[in-house]
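**Q** Next up is a structure, given as structure tokens.
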Amino acid sequence: MSGLELVNVTKRYGSIVAVDDAMLNVPAGSFVCLLGPSGCGKTTLMRIVAGLETPSAGDVRFDGEAIGDRPVHKRDFGMVFQSLALFPHLTVGENIAYPLKIRHRGKAEREARVAELLDMVRLPGVADRAVSQLSGGQRQRVAIARALAVSPKLFLLDEPLSALDAKLREAMQVELRQLQQRLGVTTIVVTHDQREAMTMADKIVVMKGGRILQMDRPIDIYRRPVDPFVADFLGQTNLLTASVEAGTVHVAGAPIPGLAVPAGRRTAEISVRPEDVSVRPEGEAPIAATVEFIRDMGSAVGDKVSLGLDPRSIVVFAEGGRA
Ligand code: ATP
């Protein structure tokens, strides 16, 4: 297969299992986000791909070749980490040209490439500036340009935008995605920000406790989460229990015709997205409710309303996963 493949990769630190039997396919040219709460193993997985950590078990393959024993500098991957690791005493141009210099590329080639890369990250003409004179967002772009200098086969970014303020961060998410599409470079980004992942990724990999729970397109993760954790981690949701009463499936005390739980079960956990709940006048929809708190204008606190659920929009989980 062309692209990156992890086969049963595990990483242990003493008794801690940081990555637990990970299977992952990142096809050539795609943009994948690793997403999950703090400590779930995202960075460890990324460091294994980069060659900065050796897996305790399993194989890392790139373009069909086992690369587990290949040292970092022979992988030809570009990396950007949260700290950026720019050299403060070098100019912008010298920073970007550094990977070319250690590969003994000539001065003219380096200068031409620096100019090309600065155009690419929309920072033309700043090659001679000191890194310390740049804003956070500009430094981010310099780090990206440096990582792309040698046209990497795989582009790895660990929380690259987390130091930026919300507005700049959103703009950079779009820019990063557009840049990746223009270059067609296979890219893996670690983030704990689900909106960031939804904005940028072709596929999102959701991790928890070292395990990969789901890898899918953002819309499929949102609409078809494999378990309640994934449902709750991406966007807002209501996790409820549906129960069979007198042969009909009930939610919040009301029958929901058309909703089914797995055969033989009396209850099942379900996920209902807020946008799939319709709020109607009292008595018009099956679930009786009282307004306790409002953020929007419209109804008043204490109003009696009723809630309707479209059974087709409800995700029903089997034990340990989706039904
Ligand atoms: P964050 O979002 O907080 O950066 P993460 O998902 O990237 O978290 P990792 O840094 O990969 O998580 O850590 C996964 C687990 O492995 C954690 O329990 C962490 O404490 C542990 N761990 C990571 N590196 C080491 C190490 N060098 N030695 C011992 N334990 C480690």
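Following the order of the structure tokens, chains are lettered A, B, ..., residues in each are numbered from 1, and ligands are numbered from 1.
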Please return as a count of residues only the residues found within 10 Å of ligand 1, counting only C-alpha atoms and all ligand atoms.
**A** 36
**Q** Would you mind listing, for every residue of range 300-319 of chain A within 8 Å of range 265-280 of chain A, the two atoms forming the shortest contact and the distance between them in Å to one decimal, using only C-alpha atoms, sorted by chain and ascending residue number, as CSV?
**A**
```
residue,atom,partner,partner_atom,distance
A:Val305,CA,A:Arg280,CA,5.8
A:Ser306,CA,A:Arg280,CA,5.2
A:Leu307,CA,A:Val279,CA,4.9
A:Gly308,CA,A:Ser278,CA,5.0
A:Leu309,CA,A:Val277,CA,5.2
A:Asp310,CA,A:Asp276,CA,6.7
A:Ser313,CA,A:Asp276,CA,6.6
A:Ile314,CA,A:Val272,CA,5.3
A:Val315,CA,A:Ser271,CA,5.2
A:Val316,CA,A:Ile270,CA,4.5
A:Phe317,CA,A:Glu269,CA,5.4
A:Ala318,CA,A:Ala268,CA,6.5
A:Glu319,CA,A:Ala268,CA,7.5
```
**Q** Keeping N, CA and C atoms for every residue in the selection just given, could you write it to a file as a JSON list (two decimals), in the first residue's frame?
**A**
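Below you can see part03.json, which holds the result:
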```json
[["chain", "number", "residue", "atom", "x", "y", "z"],
["A", 305, "VAL", "N", -43.28, 22.16, 27.46],
["A", 305, "VAL", "CA", -43.10, 21.90, 26.03],
["A", 305, "VAL", "C", -43.11, 20.39, 25.82],
["A", 306, "SER", "N", -42.93, 19.98, 24.60],
["A", 306, "SER", "CA", -42.76, 18.56, 24.34],
["A", 306, "SER", "C", -41.63, 18.41, 23.32],
["A", 307, "LEU", "N", -40.98, 17.23, 23.38],
["A", 307, "LEU", "CA", -39.80, 17.01, 22.54],
["A", 307, "LEU", "C", -40.06, 15.86, 21.58],
["A", 308, "GLY", "N", -39.73, 16.08, 20.34],
["A", 308, "GLY", "CA", -39.86, 15.02, 19.35],
["A", 308, "GLY", "C", -38.48, 14.54, 18.93],
["A", 309, "LEU", "N", -38.34, 13.24, 18.69],
["A", 309, "LEU", "CA", -37.08, 12.66, 18.24],
["A", 309, "LEU", "C", -37.33, 11.91, 16.95],
["A", 310, "ASP", "N", -36.43, 12.11, 15.98],
["A", 310, "ASP", "CA", -36.54, 11.35, 14.75],
["A", 310, "ASP", "C", -35.75, 10.06, 14.94],
["A", 313, "SER", "N", -32.36, 9.48, 13.28],
["A", 313, "SER", "CA", -31.17, 10.25, 13.62],
["A", 313, "SER", "C", -30.50, 9.76, 14.91],
["A", 314, "ILE", "N", -31.14, 8.81, 15.59],
["A", 314, "ILE", "CA", -30.60, 8.35, 16.88],
["A", 314, "ILE", "C", -29.59, 7.23, 16.67],
["A", 315, "VAL", "N", -28.43, 7.35, 17.33],
["A", 315, "VAL", "CA", -27.45, 6.26, 17.27],
["A", 315, "VAL", "C", -27.69, 5.36, 18.46],
["A", 316, "VAL", "N", -27.89, 4.06, 18.20],
["A", 316, "VAL", "CA", -28.11, 3.08, 19.26],
["A", 316, "VAL", "C", -26.84, 2.27, 19.42],
["A", 317, "PHE", "N", -26.30, 2.22, 20.67],
["A", 317, "PHE", "CA", -25.05, 1.49, 20.90],
["A", 317, "PHE", "C", -25.35, 0.09, 21.40],
["A", 318, "ALA", "N", -24.65, -0.87, 20.82],
["A", 318, "ALA", "CA", -24.66, -2.21, 21.42],
["A", 318, "ALA", "C", -23.70, -2.13, 22.59],
["A", 319, "GLU", "N", -23.65, -3.15, 23.44],
["A", 319, "GLU", "CA", -22.70, -3.11, 24.55],
["A", 319, "GLU", "C", -21.30, -2.97, 23.99]]
```
**Q** Identify which of the residues A:Val226, A:Leu134, A:Val114, A:Ile287 lies closest to Leu100 in chain A, counting only C-alpha atoms when measuring atom-to-atom distances.
**A**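 Checking each of A:Val226, A:Leu134, A:Val114, A:Ile287 against Leu100 in chain A, counting only C-alpha atoms, the winner is A:Val114.
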**Q** Please return, as a ChimeraX atom specification, all residues of range 183-227 of chain A that DSSP assigns to alpha helix (DSSP H) on the basis of the backbone.
**A** /A:183,194-200,218-223
**Q** Enter the distance from CA of Thr91 in chain A to CA of Glu175 in chain A, in Å, rounded to one decimal.
**A**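 CA of Glu175 in chain A lies 23.3 Å from CA of Thr91 in chain A.
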